[in-house]
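S.K.: Sharing upload-v9.cif, mmCIF, C-alpha atoms:
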```
data_structure
loop_
_atom_site.label_atom_id
_atom_site.label_comp_id
_atom_site.auth_asym_id
_atom_site.auth_seq_id
_atom_site.Cartn_x
_atom_site.Cartn_y
_atom_site.Cartn_z
CA MET A 1 -130.28 -34.47 -52.50
CA LEU A 2 -131.77 -36.93 -49.98
CA PRO A 3 -134.50 -39.44 -50.82
CA ALA A 4 -138.01 -38.09 -50.39
CA PRO A 5 -139.06 -40.44 -47.53
CA ILE A 6 -136.23 -39.13 -45.33
CA ILE A 7 -137.15 -35.54 -46.07
CA TYR A 8 -140.79 -36.19 -45.23
CA HIS A 9 -139.83 -37.69 -41.90
CA MET A 10 -138.60 -34.27 -40.82
CA GLN A 11 -142.14 -32.85 -40.88
CA LEU A 12 -144.04 -33.48 -37.65
CA GLU A 13 -147.69 -34.30 -36.99
CA VAL A 14 -149.56 -32.89 -33.99
CA ASN A 15 -150.57 -35.95 -31.96
CA TYR A 16 -149.63 -37.51 -28.62
CA ARG A 17 -147.50 -40.20 -30.23
CA GLU A 18 -145.36 -37.62 -32.03
CA ILE A 19 -145.12 -35.47 -28.89
CA LEU A 20 -143.87 -38.40 -26.82
CA LYS A 21 -141.54 -39.47 -29.62
CA ILE A 22 -139.84 -36.06 -29.40
CA ALA A 23 -140.06 -35.59 -25.63
CA GLY A 24 -139.00 -39.11 -24.58
CA PRO A 25 -135.33 -38.94 -25.64
CA ILE A 26 -135.11 -35.32 -24.46
CA CYS A 27 -136.45 -36.43 -21.09
CA LEU A 28 -133.81 -39.12 -20.84
CA ALA A 29 -131.13 -36.63 -21.88
CA LEU A 30 -132.29 -34.18 -19.20
CA ILE A 31 -132.63 -36.78 -16.47
CA ILE A 32 -128.98 -37.78 -16.79
CA PRO A 33 -127.55 -34.36 -15.75
CA GLN A 34 -130.06 -34.28 -12.90
CA ILE A 35 -128.86 -37.69 -11.72
CA ASN A 36 -125.38 -36.18 -11.93
CA HIS A 37 -126.47 -33.32 -9.65
CA ILE A 38 -128.18 -35.75 -7.28
CA THR A 39 -124.99 -37.83 -7.16
CA ASN A 40 -122.84 -34.76 -6.48
CA THR A 41 -125.22 -33.51 -3.81
CA ALA A 42 -125.61 -36.93 -2.18
CA PHE A 43 -121.84 -37.52 -2.06
CA LEU A 44 -121.13 -34.00 -0.79
CA GLY A 45 -123.94 -34.34 1.74
CA ARG A 46 -121.97 -37.18 3.28
CA LEU A 47 -119.11 -34.74 3.83
CA GLY A 48 -121.28 -32.19 5.67
CA GLU A 49 -123.63 -29.18 5.52
CA PHE A 50 -120.80 -26.85 4.57
CA GLU A 51 -120.03 -28.74 1.34
CA LEU A 52 -123.74 -28.80 0.48
CA ALA A 53 -123.99 -25.05 1.01
CA ALA A 54 -120.86 -24.18 -1.01
CA ASN A 55 -121.88 -26.49 -3.85
CA GLY A 56 -125.28 -24.81 -3.97
CA ILE A 57 -123.80 -21.35 -4.63
CA ALA A 58 -121.02 -22.49 -7.00
CA GLY A 59 -123.33 -24.85 -8.88
CA ILE A 60 -125.87 -22.12 -9.53
CA TYR A 61 -123.13 -19.79 -10.79
CA TYR A 62 -122.01 -22.41 -13.32
CA LEU A 63 -125.64 -22.87 -14.30
CA VAL A 64 -125.76 -19.15 -15.13
CA MET A 65 -122.77 -19.58 -17.45
CA TYR A 66 -124.33 -22.72 -18.91
CA MET A 67 -127.36 -20.66 -19.90
CA ILE A 68 -125.27 -19.17 -22.72
CA ALA A 69 -124.96 -22.67 -24.19
CA TYR A 70 -128.57 -23.52 -23.43
CA GLY A 71 -129.83 -20.29 -25.00
CA LEU A 72 -127.87 -20.98 -28.19
CA ASN A 73 -129.19 -24.55 -28.09
CA ASN A 74 -132.79 -23.33 -27.97
CA GLY A 75 -132.26 -20.75 -30.72
CA MET A 76 -130.54 -23.28 -32.96
CA GLN A 77 -133.27 -25.79 -32.20
CA VAL A 78 -135.97 -23.34 -33.35
CA LEU A 79 -134.07 -22.52 -36.53
CA ILE A 80 -133.17 -26.12 -37.39
CA ALA A 81 -136.73 -27.29 -36.75
CA ARG A 82 -138.00 -24.50 -39.02
CA ARG A 83 -135.59 -25.57 -41.79
CA ALA A 84 -136.65 -29.18 -41.24
CA GLY A 85 -140.30 -28.20 -41.69
CA GLN A 86 -139.28 -26.36 -44.87
CA ARG A 87 -137.17 -29.35 -46.06
CA GLN A 88 -134.00 -27.25 -46.35
CA PHE A 89 -131.04 -29.54 -45.65
CA SER A 90 -128.32 -27.11 -46.70
CA GLY A 91 -129.86 -24.56 -44.34
CA ILE A 92 -129.40 -27.00 -41.45
CA GLY A 93 -125.72 -27.44 -42.37
CA GLN A 94 -125.15 -23.70 -42.52
CA LEU A 95 -126.74 -23.19 -39.12
CA PHE A 96 -124.73 -25.99 -37.52
CA SER A 97 -121.32 -24.96 -38.91
CA ASN A 98 -121.72 -21.34 -37.92
CA GLY A 99 -123.40 -22.22 -34.62
CA ILE A 100 -120.52 -24.28 -33.25
CA GLN A 101 -118.04 -21.49 -34.02
CA LEU A 102 -120.26 -18.91 -32.38
CA GLY A 103 -120.70 -21.19 -29.37
CA LEU A 104 -116.95 -21.61 -28.85
CA VAL A 105 -116.42 -17.85 -28.93
CA PHE A 106 -119.14 -17.35 -26.30
CA SER A 107 -117.71 -20.08 -24.05
CA LEU A 108 -114.22 -18.53 -24.11
CA LEU A 109 -115.71 -15.14 -23.22
CA ALA A 110 -117.57 -16.76 -20.30
CA ILE A 111 -114.33 -18.34 -19.05
CA ALA A 112 -112.54 -14.98 -19.18
CA ILE A 113 -115.36 -13.22 -17.32
CA THR A 114 -115.40 -15.94 -14.66
CA LEU A 115 -111.66 -15.89 -14.02
CA LEU A 116 -111.57 -12.10 -13.83
CA ALA A 117 -114.84 -11.19 -12.13
CA ALA A 118 -116.23 -14.18 -10.17
CA PRO A 119 -113.92 -13.82 -7.11
CA TRP A 120 -114.81 -10.12 -6.80
CA PHE A 121 -118.53 -10.83 -7.17
CA PHE A 122 -118.54 -13.65 -4.61
CA SER A 123 -116.55 -11.53 -2.13
CA LYS A 124 -119.11 -8.72 -2.35
CA SER A 125 -122.23 -10.89 -2.14
CA LEU A 126 -121.46 -13.76 0.28
CA HIS A 127 -121.27 -13.25 4.04
CA ASP A 128 -119.49 -16.49 4.99
CA LYS A 129 -115.76 -16.32 4.17
CA HIS A 130 -115.34 -20.11 4.10
CA ILE A 131 -118.24 -20.59 1.67
CA TYR A 132 -116.75 -17.81 -0.49
CA GLU A 133 -113.33 -19.51 -0.65
CA ALA A 134 -114.80 -22.93 -1.42
CA ALA A 135 -117.14 -21.56 -4.11
CA VAL A 136 -114.34 -19.65 -5.91
CA SER A 137 -112.03 -22.66 -5.82
CA PHE A 138 -114.79 -24.88 -7.25
CA ILE A 139 -115.84 -22.52 -10.05
CA HIS A 140 -112.24 -21.84 -11.16
CA ILE A 141 -112.02 -25.55 -12.00
CA ARG A 142 -115.60 -26.14 -13.17
CA ILE A 143 -115.68 -23.36 -15.77
CA TRP A 144 -113.18 -25.18 -18.04
CA GLY A 145 -115.85 -27.69 -18.98
CA LEU A 146 -117.94 -24.99 -20.68
CA PRO A 147 -116.47 -25.27 -24.24
CA PHE A 148 -117.19 -29.01 -24.30
CA LEU A 149 -120.67 -28.42 -22.91
CA MET A 150 -121.23 -25.77 -25.59
CA LEU A 151 -120.28 -28.17 -28.39
CA LEU A 152 -122.49 -30.87 -26.86
CA ASN A 153 -125.44 -28.45 -26.81
CA MET A 154 -124.91 -27.56 -30.48
CA ALA A 155 -124.95 -31.26 -31.37
CA ASN A 156 -128.09 -31.79 -29.27
CA ALA A 157 -129.81 -28.86 -31.00
CA PHE A 158 -129.16 -30.58 -34.33
CA TYR A 159 -130.41 -33.95 -33.11
CA ILE A 160 -133.63 -32.53 -31.64
CA GLY A 161 -134.38 -30.04 -34.39
CA SER A 162 -133.81 -32.55 -37.21
CA GLY A 163 -135.84 -35.35 -35.62
CA HIS A 164 -132.98 -37.55 -34.37
CA SER A 165 -133.50 -36.95 -30.65
CA LYS A 166 -132.98 -40.65 -29.82
CA VAL A 167 -129.23 -40.03 -30.06
CA LEU A 168 -129.42 -37.92 -26.90
CA ALA A 169 -130.00 -41.06 -24.86
CA ALA A 170 -126.65 -42.59 -25.85
CA THR A 171 -124.63 -39.43 -25.24
CA SER A 172 -126.29 -38.79 -21.89
CA LEU A 173 -125.85 -42.35 -20.61
CA CYS A 174 -122.13 -42.35 -21.43
CA GLN A 175 -121.71 -38.93 -19.85
CA GLU A 176 -123.47 -39.87 -16.65
CA PHE A 177 -121.69 -43.19 -16.21
CA VAL A 178 -118.35 -41.37 -16.34
CA ASN A 179 -119.61 -38.62 -14.02
CA ILE A 180 -120.84 -40.92 -11.26
CA ALA A 181 -117.66 -43.00 -11.36
CA PHE A 182 -115.30 -40.02 -11.16
CA ASP A 183 -117.48 -38.28 -8.57
CA TYR A 184 -116.95 -41.26 -6.29
CA PHE A 185 -113.23 -41.59 -7.08
CA LEU A 186 -112.34 -37.90 -6.73
CA ILE A 187 -114.65 -36.68 -3.95
CA PHE A 188 -113.65 -39.50 -1.60
CA GLY A 189 -110.20 -40.39 -2.99
CA LYS A 190 -110.99 -43.95 -4.07
CA ALA A 191 -109.25 -46.33 -6.53
CA GLY A 192 -105.91 -44.54 -6.17
CA PHE A 193 -107.29 -41.08 -7.01
CA PRO A 194 -106.58 -38.05 -4.77
CA HIS A 195 -109.13 -37.01 -2.12
CA MET A 196 -110.41 -33.70 -3.54
CA GLY A 197 -113.73 -33.22 -1.73
CA LEU A 198 -115.83 -30.46 -3.29
CA ASN A 199 -113.31 -29.80 -6.07
CA GLY A 200 -113.44 -33.47 -7.03
CA ALA A 201 -117.05 -32.94 -8.14
CA ALA A 202 -115.87 -30.12 -10.44
CA VAL A 203 -113.15 -32.25 -12.07
CA ALA A 204 -115.54 -35.19 -12.49
CA SER A 205 -118.07 -32.98 -14.25
CA ILE A 206 -115.46 -31.72 -16.73
CA ILE A 207 -114.40 -35.27 -17.58
CA ALA A 208 -118.05 -36.19 -18.10
CA GLU A 209 -118.66 -33.19 -20.40
CA ILE A 210 -115.65 -34.13 -22.52
CA THR A 211 -117.07 -37.66 -22.75
CA GLY A 212 -120.55 -36.49 -23.75
CA CYS A 213 -119.16 -34.15 -26.39
CA SER A 214 -116.93 -36.89 -27.84
CA VAL A 215 -119.81 -39.37 -28.08
CA ALA A 216 -122.21 -36.84 -29.65
CA PHE A 217 -119.77 -35.89 -32.41
CA SER A 218 -118.67 -39.48 -32.97
CA ILE A 219 -122.28 -40.42 -33.71
CA LEU A 220 -122.51 -37.54 -36.22
CA PHE A 221 -119.76 -39.21 -38.23
CA LEU A 222 -120.71 -42.85 -37.64
CA LYS A 223 -124.29 -42.19 -38.81
CA LYS A 224 -122.94 -40.02 -41.66
CA TYR A 225 -125.19 -37.13 -40.60
CA HIS A 226 -122.29 -34.81 -41.44
CA LEU A 227 -122.69 -35.84 -45.09
CA LYS A 228 -126.49 -35.97 -45.25
CA TYR A 229 -126.91 -32.52 -43.73
CA GLU A 230 -123.62 -30.95 -44.94
CA LEU A 231 -122.82 -30.09 -41.33
CA PHE A 232 -119.17 -29.12 -41.82
CA ARG A 233 -119.36 -27.77 -45.35
CA TYR A 234 -119.78 -24.14 -44.25
CA LEU A 235 -116.90 -23.72 -41.80
CA LYS A 236 -116.06 -20.32 -43.25
CA ILE A 237 -118.04 -17.80 -41.22
CA GLN A 238 -121.20 -16.60 -42.99
CA TRP A 239 -122.13 -13.38 -41.25
CA ASN A 240 -125.72 -13.41 -42.48
CA ILE A 241 -126.18 -16.86 -40.86
CA VAL A 242 -124.43 -15.74 -37.67
CA LEU A 243 -126.66 -12.67 -37.48
CA ASN A 244 -129.74 -14.85 -38.01
CA ILE A 245 -128.64 -17.17 -35.19
CA LEU A 246 -127.98 -14.20 -32.92
CA ASN A 247 -131.27 -12.58 -33.84
CA VAL A 248 -133.12 -15.65 -32.59
CA SER A 249 -130.72 -16.85 -29.87
CA ALA A 250 -129.50 -13.63 -28.23
CA PRO A 251 -132.88 -12.79 -26.63
CA ILE A 252 -133.13 -16.42 -25.42
CA ILE A 253 -129.63 -16.25 -23.92
CA VAL A 254 -130.42 -13.00 -22.14
CA GLN A 255 -133.77 -14.45 -21.08
CA PHE A 256 -132.13 -17.51 -19.51
CA LEU A 257 -129.41 -15.38 -17.92
CA PHE A 258 -132.16 -13.33 -16.29
CA SER A 259 -134.00 -16.49 -15.26
CA ILE A 260 -131.10 -18.41 -13.73
CA GLY A 261 -129.41 -15.20 -12.64
CA SER A 262 -132.45 -14.43 -10.52
CA TRP A 263 -132.17 -17.94 -9.07
CA PHE A 264 -128.52 -17.24 -8.29
CA VAL A 265 -129.56 -14.03 -6.49
CA PHE A 266 -132.21 -16.08 -4.67
CA PHE A 267 -129.50 -18.42 -3.35
CA ILE A 268 -127.43 -15.43 -2.25
CA PHE A 269 -130.47 -14.18 -0.32
CA ILE A 270 -130.78 -17.67 1.22
CA GLU A 271 -127.08 -17.62 2.19
CA HIS A 272 -127.84 -14.51 4.23
CA LEU A 273 -130.31 -16.60 6.25
CA GLY A 274 -127.53 -19.01 7.23
CA GLU A 275 -125.68 -22.18 6.25
CA ARG A 276 -128.58 -24.56 7.03
CA PRO A 277 -131.21 -22.85 4.80
CA LEU A 278 -128.62 -22.82 2.00
CA ALA A 279 -127.89 -26.54 2.45
CA VAL A 280 -131.63 -27.31 2.50
CA SER A 281 -132.20 -25.24 -0.64
CA ASN A 282 -129.46 -27.12 -2.48
CA MET A 283 -131.20 -30.42 -1.69
CA LEU A 284 -134.55 -29.03 -2.81
CA ARG A 285 -133.03 -27.73 -6.03
CA SER A 286 -131.72 -31.23 -6.74
CA ILE A 287 -135.05 -32.97 -6.04
CA PHE A 288 -137.19 -30.62 -8.09
CA GLY A 289 -134.57 -30.37 -10.82
CA LEU A 290 -134.95 -34.13 -11.25
CA PHE A 291 -138.73 -34.21 -11.28
CA GLY A 292 -138.98 -31.03 -13.36
CA ILE A 293 -137.40 -32.80 -16.33
CA PHE A 294 -140.81 -34.04 -17.46
CA THR A 295 -142.03 -30.48 -17.82
CA TRP A 296 -138.83 -29.24 -19.46
CA SER A 297 -138.65 -32.12 -21.95
CA LEU A 298 -142.26 -31.50 -22.96
CA ALA A 299 -141.54 -27.77 -23.19
CA ALA A 300 -138.61 -28.53 -25.52
CA ALA A 301 -140.93 -30.74 -27.60
CA CYS A 302 -143.41 -27.85 -27.75
CA ASN A 303 -140.70 -25.50 -28.97
CA THR A 304 -139.72 -27.92 -31.76
CA MET A 305 -143.26 -28.90 -32.76
CA VAL A 306 -144.59 -25.34 -32.95
CA SER A 307 -141.64 -24.18 -35.06
CA ASN A 308 -141.91 -27.25 -37.31
CA VAL A 309 -145.64 -26.92 -38.06
CA ILE A 310 -145.23 -23.19 -38.76
CA GLY A 311 -142.43 -24.10 -41.19
CA GLN A 312 -144.87 -26.47 -42.89
CA GLY A 313 -147.34 -23.59 -43.30
CA ARG A 314 -149.82 -25.11 -40.84
CA SER A 315 -150.02 -22.37 -38.22
CA ASN A 316 -153.58 -23.42 -37.42
CA LEU A 317 -152.14 -26.39 -35.50
CA VAL A 318 -150.10 -24.29 -33.06
CA PHE A 319 -152.77 -24.06 -30.34
CA SER A 320 -153.63 -27.74 -30.68
CA ALA A 321 -149.96 -28.66 -30.15
CA ILE A 322 -149.57 -26.40 -27.10
CA ARG A 323 -152.83 -27.65 -25.56
CA LYS A 324 -151.93 -31.33 -25.92
CA ILE A 325 -148.42 -30.84 -24.54
CA ALA A 326 -149.66 -28.70 -21.62
CA TRP A 327 -152.09 -31.42 -20.53
CA LEU A 328 -149.34 -34.04 -20.62
CA SER A 329 -147.06 -31.76 -18.63
CA LEU A 330 -149.71 -31.12 -15.97
CA LEU A 331 -150.44 -34.85 -15.64
CA CYS A 332 -146.74 -35.61 -15.13
CA ALA A 333 -146.36 -32.78 -12.59
CA LEU A 334 -149.41 -33.90 -10.62
CA THR A 335 -148.05 -37.46 -10.41
CA VAL A 336 -144.67 -36.18 -9.26
CA CYS A 337 -146.21 -33.91 -6.61
CA ILE A 338 -148.20 -36.78 -5.13
CA ILE A 339 -145.11 -39.00 -4.94
CA ILE A 340 -142.96 -36.29 -3.33
CA ASN A 341 -145.57 -35.42 -0.71
CA LEU A 342 -146.11 -39.09 0.16
CA PHE A 343 -142.41 -39.92 0.52
CA PRO A 344 -140.49 -36.72 1.39
CA TYR A 345 -138.34 -38.34 4.11
CA THR A 346 -137.28 -41.16 1.79
CA LEU A 347 -136.18 -38.70 -0.90
CA LEU A 348 -134.30 -36.45 1.50
CA LYS A 349 -132.41 -39.36 3.06
CA ILE A 350 -130.65 -39.76 -0.30
CA TYR A 351 -128.81 -36.53 0.51
CA THR A 352 -128.30 -36.59 4.25
CA THR A 353 -128.78 -38.67 7.37
CA ASN A 354 -129.16 -35.52 9.48
CA ASN A 355 -132.77 -35.68 10.76
CA ASP A 356 -132.79 -31.99 11.73
CA LEU A 357 -131.83 -31.02 8.19
CA ILE A 358 -134.56 -33.25 6.78
CA ALA A 359 -137.18 -31.80 9.14
CA ALA A 360 -136.16 -28.27 8.10
CA ALA A 361 -136.76 -29.12 4.44
CA ILE A 362 -140.30 -30.58 4.72
CA PRO A 363 -142.32 -27.29 4.87
CA SER A 364 -140.52 -25.97 1.79
CA ILE A 365 -141.23 -29.19 -0.11
CA ARG A 366 -144.98 -28.67 0.41
CA VAL A 367 -144.74 -25.15 -1.03
CA ILE A 368 -142.61 -26.09 -4.04
CA THR A 369 -144.84 -28.98 -5.10
CA ILE A 370 -147.76 -26.59 -5.52
CA SER A 371 -145.73 -24.14 -7.62
CA THR A 372 -144.55 -27.10 -9.74
CA LEU A 373 -148.12 -27.55 -11.00
CA LEU A 374 -148.18 -23.94 -12.14
CA MET A 375 -144.78 -24.36 -13.78
CA ALA A 376 -146.05 -27.37 -15.74
CA ILE A 377 -148.48 -25.19 -17.68
CA SER A 378 -146.52 -21.92 -17.82
CA ALA A 379 -143.26 -23.43 -19.10
CA VAL A 380 -145.03 -25.15 -22.00
CA VAL A 381 -146.98 -22.02 -22.97
CA MET A 382 -143.79 -19.96 -22.89
CA SER A 383 -142.02 -22.54 -25.07
CA GLY A 384 -144.91 -22.22 -27.50
CA VAL A 385 -144.04 -18.52 -27.83
CA LEU A 386 -140.39 -19.51 -28.35
CA GLY A 387 -141.41 -21.86 -31.15
CA THR A 388 -143.09 -19.00 -33.04
CA GLY A 389 -139.66 -17.41 -33.38
CA ASN A 390 -140.42 -14.20 -31.47
CA THR A 391 -137.67 -14.65 -28.91
CA LYS A 392 -137.81 -10.95 -28.04
CA MET A 393 -141.27 -11.53 -26.55
CA ASN A 394 -139.81 -14.32 -24.42
CA LEU A 395 -137.15 -11.90 -23.19
CA ILE A 396 -139.70 -9.21 -22.30
CA THR A 397 -141.79 -11.81 -20.45
CA GLU A 398 -138.73 -13.09 -18.57
CA ILE A 399 -137.65 -9.61 -17.49
CA ALA A 400 -141.12 -8.85 -16.12
CA ALA A 401 -141.23 -12.19 -14.27
CA VAL A 402 -137.75 -11.73 -12.79
CA ILE A 403 -138.58 -8.23 -11.58
CA GLY A 404 -141.61 -9.62 -9.74
CA TYR A 405 -139.57 -12.56 -8.43
CA LEU A 406 -136.73 -10.41 -7.03
CA TRP A 407 -139.16 -7.88 -5.59
CA TYR A 408 -140.77 -10.71 -3.62
CA CYS A 409 -137.35 -12.05 -2.52
CA ASP A 410 -136.18 -8.64 -1.34
CA ILE A 411 -139.28 -8.11 0.81
CA VAL A 412 -139.84 -11.65 2.14
CA ILE A 413 -136.22 -12.82 2.59
CA GLU A 414 -133.96 -9.79 2.91
CA ARG A 415 -136.26 -7.46 4.84
CA MET A 416 -138.67 -9.75 6.70
CA HIS A 417 -136.23 -12.69 7.22
CA SER A 418 -139.18 -15.05 6.76
CA PRO A 419 -138.89 -18.85 7.17
CA LEU A 420 -137.43 -20.73 4.21
CA GLN A 421 -140.78 -22.05 2.92
CA TRP A 422 -142.03 -18.50 2.42
CA ALA A 423 -138.88 -17.68 0.47
CA TRP A 424 -139.67 -20.47 -2.00
CA GLY A 425 -143.07 -18.87 -2.51
CA ALA A 426 -141.31 -16.54 -4.97
CA ASP A 427 -141.86 -19.21 -7.64
CA PHE A 428 -145.60 -18.46 -7.60
CA ILE A 429 -145.01 -14.83 -8.59
CA TYR A 430 -142.60 -15.88 -11.34
CA TRP A 431 -144.79 -18.49 -13.04
CA VAL A 432 -148.01 -16.47 -12.83
CA ILE A 433 -146.37 -13.59 -14.71
CA ILE A 434 -144.87 -16.01 -17.26
CA PHE A 435 -148.25 -17.58 -17.98
CA ILE A 436 -150.24 -14.35 -18.24
CA MET A 437 -147.85 -12.66 -20.68
CA SER A 438 -147.17 -15.75 -22.82
CA PHE A 439 -150.85 -16.67 -23.09
CA TRP A 440 -151.76 -13.10 -24.00
CA TYR A 441 -149.18 -13.01 -26.79
CA LEU A 442 -150.29 -16.31 -28.31
CA ARG A 443 -153.94 -15.28 -28.20
CA SER A 444 -153.13 -11.93 -29.83
CA GLY A 445 -151.99 -13.66 -33.03
CA ARG A 446 -149.09 -11.25 -33.47
CA TRP A 447 -146.73 -14.13 -34.15
CA LYS A 448 -148.45 -15.18 -37.37
CA GLY A 449 -146.42 -14.65 -40.53
CA LYS A 450 -143.11 -14.10 -38.69
CA GLU A 451 -140.11 -15.26 -40.75
CA ILE A 452 -136.88 -16.55 -39.18
#
```
How does the structure come out when it is put into structure tokens?
M.R.:
Amino acid sequence: MLPAPIIYHMQLEVNYREILKIAGPICLALIIPQINHITNTAFLGRLGEFELAANGIAGIYYLVMYMIAYGLNNGMQVLIARRAGQRQFSGIGQLFSNGIQLGLVFSLLAIAITLLAAPWFFSKSLHDKHIYEAAVSFIHIRIWGLPFLMLLNMANAFYIGSGHSKVLAATSLCQEFVNIAFDYFLIFGKAGFPHMGLNGAAVASIIAEITGCSVAFSILFLKKYHLKYELFRYLKIQWNIVLNILNVSAPIIVQFLFSIGSWFVFFIFIEHLGERPLAVSNMLRSIFGLFGIFTWSLAAACNTMVSNVIGQGRSNLVFSAIRKIAWLSLLCALTVCIIINLFPYTLLKIYTTNNDLIAAAIPSIRVITISTLLMAISAVVMSGVLGTGNTKMNLITEIAAVIGYLWYCDIVIERMHSPLQWAWGADFIYWVIIFIMSFWYLRSGRWKGKEI
């Protein structure tokens, strides 16, 4: 049994200091992968528009596969935070031990699906044969990093859910340092390494994921968290725990697969407009992926805080937590939007020196910055629903939003062949639906008394 002061530390208070204490390390952990994507995109942009376009499609596909890990991460985070609020240390150990085994099984299934089905899918959906060949070659290498990424996500779920999110900073910094170095070595063939171009970015990312996973698990043992929380005591599969994890995580996984899958379809629609719109969209994805980390880190904090206070039996604080976090998210998004609109050329020059490509991206930047403000509120409110434990409601909301999103894409992009900035207007439809359904559910009070 742990000393009482340590147990108490696991119960959160609803105030701005606690919110920032949770969100800060998560923000740093999220910013590192985005810097990785910026580095990849910037290096590949120096090779040409073709590499930017191919990386956009292949990168989004891997992101779809990554959503399996991210969905399990979010489900585990909700469950661990709930056990932390209830002061159940053995429950945390049971969740962790069974979660990592479940995660490895899912990652191996994703690898098998990719190797068997990805070439067929790309051949049927992409119009440009050269982009198809480059994307398949990239993803056949990149997918082997998924098991290490899965283990890293399970470790991160433990660190965030149990109140040790500061550890994420160390793992992310080590991971990114390795990624940037090997990106440079392998994309351009420096320091005696082979010149691999686009595929060099894939190999560098795998090496970085192995590094991040190794650091995260090393800290578990160095800090003796594996003893305090009995993390590896329950390595024999406990089917009731596995079913509990799946009950919470499966709807989140499907939700994220719908979400990022729709984004993948969006990029396929963009590919039909031509190589340049696809290259521009890859740059825009990188820019707004970086600045969106403030919203997503606060959304993750909302998820954890809502689940934790419910575990404490203080459901009356749920709306206060969501409200405070939403205001912080909106303030961050507004600051980001102002900066991007003041210095769009400076940001885009990170990726390319092609002035025509930069000019083509400016109108879309104006559109996306406005939808980012809507995302700042909607993502936090939706994470509040996730924190209540009703992940099935999140899935229903996501399906409705994706249907609206794809309906817009089909009409505006595929049928009307509208300019790129109008294509990015699909985000408005998506986030409006997310907000309306999530807000309605929270206000209905149907989440009260739900056990997970």
S.K.: Write out as a compact mmCIF listing (two decimals) with C-alpha atoms, in the frame of the given file each polymer residue whose atoms come within 10 Å of segment 51-61 of chain A, counting only C-alpha atoms; drop sequence neighbours fewer than 6 positions from it.
M.R.:
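Wrote it out as around.txt, contents follow:
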```
# COMPACT_ATOMS: atom_id res chain seq x y z
CA HIS A 37 -126.47 -33.32 -9.65
CA ASN A 40 -122.84 -34.76 -6.48
CA THR A 41 -125.22 -33.51 -3.81
CA ALA A 42 -125.61 -36.93 -2.18
CA PHE A 43 -121.84 -37.52 -2.06
CA LEU A 44 -121.13 -34.00 -0.79
CA GLY A 45 -123.94 -34.34 1.74
CA THR A 114 -115.40 -15.94 -14.66
CA ALA A 118 -116.23 -14.18 -10.17
CA PHE A 122 -118.54 -13.65 -4.61
CA LEU A 126 -121.46 -13.76 0.28
CA ASP A 128 -119.49 -16.49 4.99
CA HIS A 130 -115.34 -20.11 4.10
CA ILE A 131 -118.24 -20.59 1.67
CA TYR A 132 -116.75 -17.81 -0.49
CA GLU A 133 -113.33 -19.51 -0.65
CA ALA A 134 -114.80 -22.93 -1.42
CA ALA A 135 -117.14 -21.56 -4.11
CA VAL A 136 -114.34 -19.65 -5.91
CA SER A 137 -112.03 -22.66 -5.82
CA PHE A 138 -114.79 -24.88 -7.25
CA ILE A 139 -115.84 -22.52 -10.05
CA HIS A 140 -112.24 -21.84 -11.16
CA ARG A 142 -115.60 -26.14 -13.17
CA ILE A 143 -115.68 -23.36 -15.77
CA GLY A 197 -113.73 -33.22 -1.73
CA LEU A 198 -115.83 -30.46 -3.29
CA ASN A 199 -113.31 -29.80 -6.07
CA ALA A 201 -117.05 -32.94 -8.14
CA ALA A 202 -115.87 -30.12 -10.44
CA ILE A 260 -131.10 -18.41 -13.73
CA GLY A 261 -129.41 -15.20 -12.64
CA TRP A 263 -132.17 -17.94 -9.07
CA PHE A 264 -128.52 -17.24 -8.29
CA VAL A 265 -129.56 -14.03 -6.49
CA PHE A 266 -132.21 -16.08 -4.67
CA PHE A 267 -129.50 -18.42 -3.35
CA ILE A 268 -127.43 -15.43 -2.25
CA ILE A 270 -130.78 -17.67 1.22
CA GLU A 271 -127.08 -17.62 2.19
CA GLY A 274 -127.53 -19.01 7.23
CA GLU A 275 -125.68 -22.18 6.25
CA ARG A 276 -128.58 -24.56 7.03
CA PRO A 277 -131.21 -22.85 4.80
CA LEU A 278 -128.62 -22.82 2.00
CA ALA A 279 -127.89 -26.54 2.45
CA VAL A 280 -131.63 -27.31 2.50
CA SER A 281 -132.20 -25.24 -0.64
CA ASN A 282 -129.46 -27.12 -2.48
CA MET A 283 -131.20 -30.42 -1.69
CA ARG A 285 -133.03 -27.73 -6.03
CA SER A 286 -131.72 -31.23 -6.74
CA TYR A 351 -128.81 -36.53 0.51
CA THR A 352 -128.30 -36.59 4.25
```
S.K.: Apply the PyMOL selection byres ((chain A and resi 312) around 8) to the file shown and report the selected residues as a ChimeraX atom specification.
M.R.: /A:11,85-86,308-311,313-314
S.K.: Written as a list of chain:residue names, what is the full residue list that the PyMOL selection byres ((chain A and resi 228) around 12) yields on the file shown?
M.R.: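 Residues picked by the PyMOL selection byres ((chain A and resi 228) around 12): A:Met1, A:Leu2, A:Pro3, A:Ile6, A:Ile7, A:Gln88, A:Phe89, A:Ser90, A:Gly91, A:Ile92, A:Gly93, A:Ser162, A:Leu220, A:Phe221, A:Leu222, A:Lys223, A:Lys224, A:Tyr225, A:His226, A:Leu227, A:Tyr229, A:Glu230, A:Leu231, A:Phe232, A:Arg233.
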S.K.: List the neighbours of Asn354 of chain A out to 12 Å using only C-alpha atoms; skip same-chain residues closer than 5 positions along the sequence, and give me the result as number ranges by chain.
M.R.: A: 45-49, 276, 279-280, 345, 348-349, 359-361
S.K.: Could you tell me how far atom CA of Ser249 of chain A lies from atom CA of Leu72 of chain A, in Å and to one decimal?
M.R.: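 Spanning atom CA of Ser249 of chain A to atom CA of Leu72 of chain A is a straight-line distance of 5.3 Å.
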